[in-house]
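See below for the structure under consideration.
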Amino acid sequence: MTLTASAPDAPSPAPATSALSQAWLFTRRHPTLVTGGAIISLMALAALAAPLFAGDPSTMNPAVRLRPPSAQAWLGTDHLGRDVFARVIYGARVSLMVGLLVALVAIGVGTVVGLVAGYFRMADAIVTRLMDGIMAIPAILLAIAMVALMGASVWILILAIVLPEIPRVVRLVRSVVLSVRDAPYVEAARAGGTRLRVILSRHILPSTVAPLIVQATYICAAAIIVESALSFLGAGVSPETPTWGSMIAQSRSHLARAPWTVFAPGFALALVVLSVNLLGDGLRDYLDPRTTRRA
Amino acid sequence: MVAYVLRRIGSTILVMVLVSLLVFLLLRLAPGDPAAVLAGDNASAEQIATLRRLLGLDDPLPVQFLSWLWAVAQGNLGASLYSAEPVTLLMSQRAEATLSLALATLTVAVPLAIVMGVTAAHRAGTGTDRVLMLFAVAGFSLPAFVVGYLLVYLLAIQAGVLPVQGYQPIAEGIGGWAAHLVLPAITLGLIYTALIARITRATMLETLSEDFIRTARAKGLPMRRVLLVHALRNAGVPIVTVIGIGVALLIGGVVVTETVFNIPGVGRLVVDAIARRDYPVIQGVILVCSGIYVLLNLLTDLSYTLIDPRIRY
């Protein structure tokens, strides 16, 4: 019996090196992150490029009011004969901008306050009480009152939506700071005479980054919902600017005859919020693998 | 225990004073003269001056705050600028509709959410789990006014099985009252159910991996008993906490839901007040809603010892 060379093993699959296959692998592993991120990116792109393809959102044409979706108006027309598709695309601008700005401001302010509260016991008591006070006021009511009192500019609107979100960030940052404040490496830095600002920014701040990124997406989603709710209730930016909330408010009396006027902005809103939430869940799993696959 | 309860009540009062301060400052820090704001757009200079005196607006700010707080503590929330009726009266007239909606939502949402969360944790990683959690994310993402109009369109306009909108007082018959509440309660309860289901699943997963659960299983207890008695009870504290915290979502949701379904409740009151810039009503509703929220969370905190005897203060 001759010893035959065994058939060569199938070559072990080459490590996925091409960018495309790596991207595919990443998508397989983090489907929510990629799906959410992709939809949001597309929406943002469409909102930015709106003048190039969406048509005019405010041209009224009473001759074609409440027309169902067609080749001329992809999502139909509203009670003033305006193109619903154009209005939905332009509406994304307000929603996405408010969501993004609110998340950035809330994270910025909340991080500074949280660092101070977590590091200095003196400030902690005052800050914690103040945050409890803000959190006790239902967010939508507080925002409504602020907009009603101070007028409905975009900046007041953002301030009104940011304020109730800040305590969430403060609490998060504070709890992270408390957990690392007396860690040996921070103590070593202190003992070595490192300046306070450096300790806070170099040694403590990095621990807060991962949870903050996740929190930012949730705040963004909440801000988009609150903005649209405020517009819906008549306390949003000026009625001339198309927003999803105000579109629904203006169209609701035509729900039975022209459901597309209500559901087009409604589904756009739900899709964006869902994508941001999926992105947040995906980021959470990606940045902190402990919380996933525990099952 | 008594010391803890007293301390907790003390901090609740402190938070409420802070809330009042914020609500008070909101009106005072708004641009323009609060008297002019309160007097409305058509007031003469004389009327504004009278109102200034009446409101004590020439007093130092801290004095103003204390006298306002004193009035609030006595149950005087001021009067509507629109109808001149006391804010407390306006709110009590509309309390039935809002409380009906809130209670209907709670009685459906809480048990449903717990069942969903427990099932998802028990079947973690399976298709059931994924479907339930996808529903939870969707519940988080669908604003009340989108869900509300979808339900109205499908079930009221198309199928015609439920009333489109409005509210029927319970005194005019239980059937009509309940029928008018079905769609609003589903609308309002969706996000609340999603929140509680997610927390229930997470805490149950943690509890199910503990030793005493393995022991209970090893003794041969039926799974249902292990889940509902052994695990759920030990997962109780975070679930009850989130039921309390989630009330904030309900309060915000009530404002939107009552507008969608045209329910004459406290939420409609505040939305109408915004349109008329009726500040005392806005102030009063915010203060009362915050008070209810803070009080409910105090009660949840105090219930921990009942749920989990290991917690002692």
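Labels used: A, B, ... for chains in the order of the structure tokens, numbers from 1 for residues in each chain, and numbers from 1 for ligands as shown.
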* Asked: Neighbours of A:Trp155 within 10 Å (only C-alpha atoms; same-chain residues fewer than 6 positions away dropped), as a PyMOL selection string?
  -> chain A and resi 98+101+147+161+237
Just write the chosen residues, all heavy atoms, as a PDB file, in the first residue's frame.
```pdb
ATOM      1  N   VAL A  98     -32.376  69.994  15.062  1.00  0.00           N
ATOM      2  CA  VAL A  98     -32.718  70.102  16.474  1.00  0.00           C
ATOM      3  C   VAL A  98     -32.167  68.901  17.238  1.00  0.00           C
ATOM      4  O   VAL A  98     -31.562  69.049  18.300  1.00  0.00           O
ATOM      5  CB  VAL A  98     -34.250  70.238  16.663  1.00  0.00           C
ATOM      6  CG1 VAL A  98     -34.641  70.065  18.120  1.00  0.00           C
ATOM      7  CG2 VAL A  98     -34.726  71.583  16.151  1.00  0.00           C
ATOM      8  N   LEU A 101     -28.259  69.286  17.512  1.00  0.00           N
ATOM      9  CA  LEU A 101     -27.833  70.384  18.382  1.00  0.00           C
ATOM     10  C   LEU A 101     -28.187  70.108  19.845  1.00  0.00           C
ATOM     11  O   LEU A 101     -27.380  70.351  20.741  1.00  0.00           O
ATOM     12  CB  LEU A 101     -28.467  71.702  17.924  1.00  0.00           C
ATOM     13  CG  LEU A 101     -27.851  72.293  16.655  1.00  0.00           C
ATOM     14  CD1 LEU A 101     -28.601  73.541  16.229  1.00  0.00           C
ATOM     15  CD2 LEU A 101     -26.378  72.618  16.888  1.00  0.00           C
ATOM     16  N   VAL A 147     -41.290  77.813  25.553  1.00  0.00           N
ATOM     17  CA  VAL A 147     -41.546  78.340  24.213  1.00  0.00           C
ATOM     18  C   VAL A 147     -42.691  79.352  24.249  1.00  0.00           C
ATOM     19  O   VAL A 147     -42.630  80.417  23.631  1.00  0.00           O
ATOM     20  CB  VAL A 147     -41.866  77.194  23.228  1.00  0.00           C
ATOM     21  CG1 VAL A 147     -42.310  77.750  21.888  1.00  0.00           C
ATOM     22  CG2 VAL A 147     -40.642  76.315  23.043  1.00  0.00           C
ATOM     23  N   ILE A 161     -35.721  72.310  24.828  1.00  0.00           N
ATOM     24  CA  ILE A 161     -35.634  70.851  24.753  1.00  0.00           C
ATOM     25  C   ILE A 161     -34.384  70.356  25.487  1.00  0.00           C
ATOM     26  O   ILE A 161     -34.377  69.271  26.067  1.00  0.00           O
ATOM     27  CB  ILE A 161     -35.635  70.372  23.285  1.00  0.00           C
ATOM     28  CG1 ILE A 161     -36.891  70.899  22.575  1.00  0.00           C
ATOM     29  CG2 ILE A 161     -35.622  68.856  23.196  1.00  0.00           C
ATOM     30  CD1 ILE A 161     -36.940  70.588  21.099  1.00  0.00           C
ATOM     31  N   VAL A 237     -41.322  75.878  15.984  1.00  0.00           N
ATOM     32  CA  VAL A 237     -40.814  76.977  15.164  1.00  0.00           C
ATOM     33  C   VAL A 237     -41.956  77.524  14.300  1.00  0.00           C
ATOM     34  O   VAL A 237     -43.009  76.920  14.189  1.00  0.00           O
ATOM     35  CB  VAL A 237     -39.634  76.521  14.261  1.00  0.00           C
ATOM     36  CG1 VAL A 237     -38.435  76.198  15.102  1.00  0.00           C
ATOM     37  CG2 VAL A 237     -40.034  75.369  13.390  1.00  0.00           C
TER      38      VAL A 237
END
```
* Asked: Quick one: which residues from chain A are at most 8 Å off chain B, using only C-alpha atoms, as a PyMOL selection string?
  -> chain A and resi 129-130+132-134+136-142+144-146+148-150+221+225+229+233-235+255-256+259+262-263+266-267+269-271+273-274+277-278+293+295
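Distance check against B:Val118 using only C-alpha atoms: of B:Ala71, B:Ile196, B:Ala35, B:Ala97, the minimum falls on B:Ile196.
You will find atom CA of B:Val242 at 13.9 Å from atom CA of B:Met204.
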* Which neighbours of A:Asp78 fall inside 6 Å, counting only C-alpha atoms, when residues of the same chain fewer than 4 positions from it are skipped, and could you give them as JSON, numbers by chain? -> {"A": [65, 66, 82, 261]}
May I have the residues from that selection written out with N, CA, C and O atoms, as a PDB file, in the first residue's frame?
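Wrote it out as result23.pdb, contents follow:
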```pdb
ATOM      1  N   ARG A  65     -55.422  70.443  -4.664  1.00  0.00           N
ATOM      2  CA  ARG A  65     -55.371  70.146  -3.238  1.00  0.00           C
ATOM      3  C   ARG A  65     -55.834  68.707  -2.935  1.00  0.00           C
ATOM      4  O   ARG A  65     -56.692  68.155  -3.613  1.00  0.00           O
ATOM      5  N   LEU A  66     -55.184  68.133  -1.889  1.00  0.00           N
ATOM      6  CA  LEU A  66     -55.539  66.803  -1.394  1.00  0.00           C
ATOM      7  C   LEU A  66     -55.539  65.721  -2.477  1.00  0.00           C
ATOM      8  O   LEU A  66     -56.383  64.830  -2.476  1.00  0.00           O
ATOM      9  N   ARG A  82     -49.878  71.863  -1.558  1.00  0.00           N
ATOM     10  CA  ARG A  82     -48.418  71.826  -1.503  1.00  0.00           C
ATOM     11  C   ARG A  82     -47.937  70.383  -1.632  1.00  0.00           C
ATOM     12  O   ARG A  82     -48.624  69.443  -1.229  1.00  0.00           O
ATOM     13  N   THR A 261     -51.456  62.809   3.900  1.00  0.00           N
ATOM     14  CA  THR A 261     -50.949  64.071   4.435  1.00  0.00           C
ATOM     15  C   THR A 261     -50.535  63.937   5.897  1.00  0.00           C
ATOM     16  O   THR A 261     -49.701  64.687   6.388  1.00  0.00           O
TER      17      THR A 261
END
```
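One finds atom CA of A:Ala249 at 20.0 Å from atom CA of B:Leu155.
The gap separating atom CA of B:Ala120 from atom CA of B:Ala231 is 13.5 Å, in Å to one decimal.
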* To do: Counting only C-alpha atoms, figure out which residue out of B:Leu90, B:Ile263, B:Leu99, B:Ile311 gets nearest to B:Gln168.
  => B:Ile263
* **Polymer residues at most 10 Å from stretch 169-180 of chain A, only C-alpha atoms, same-chain spacing of 5 or more positions, as a ChimeraX atom specification** => /A:103,106-120,124,127-128,131-132,185-187,200,203-205,207-209,211-212,215-216,219
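Distances to B:Val164 were evaluated for B:Met91, B:Trp177, B:Thr128, B:Asn262 using only C-alpha atoms, and the minimum falls at B:Asn262.
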* as a PyMOL selection string, please: all residues of stretch 65-279 of chain A that backbone DSSP puts in alpha helix (DSSP H). => chain A and resi 84-119+121-136+139-150+154-181+184-191+196-198+205-233+244-251+259-279
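Closest approach to B:Gly166 from the set B:Gly189, B:Pro264, B:Gly127, B:Gly246 is made by B:Pro264, with distances taken over only C-alpha atoms.
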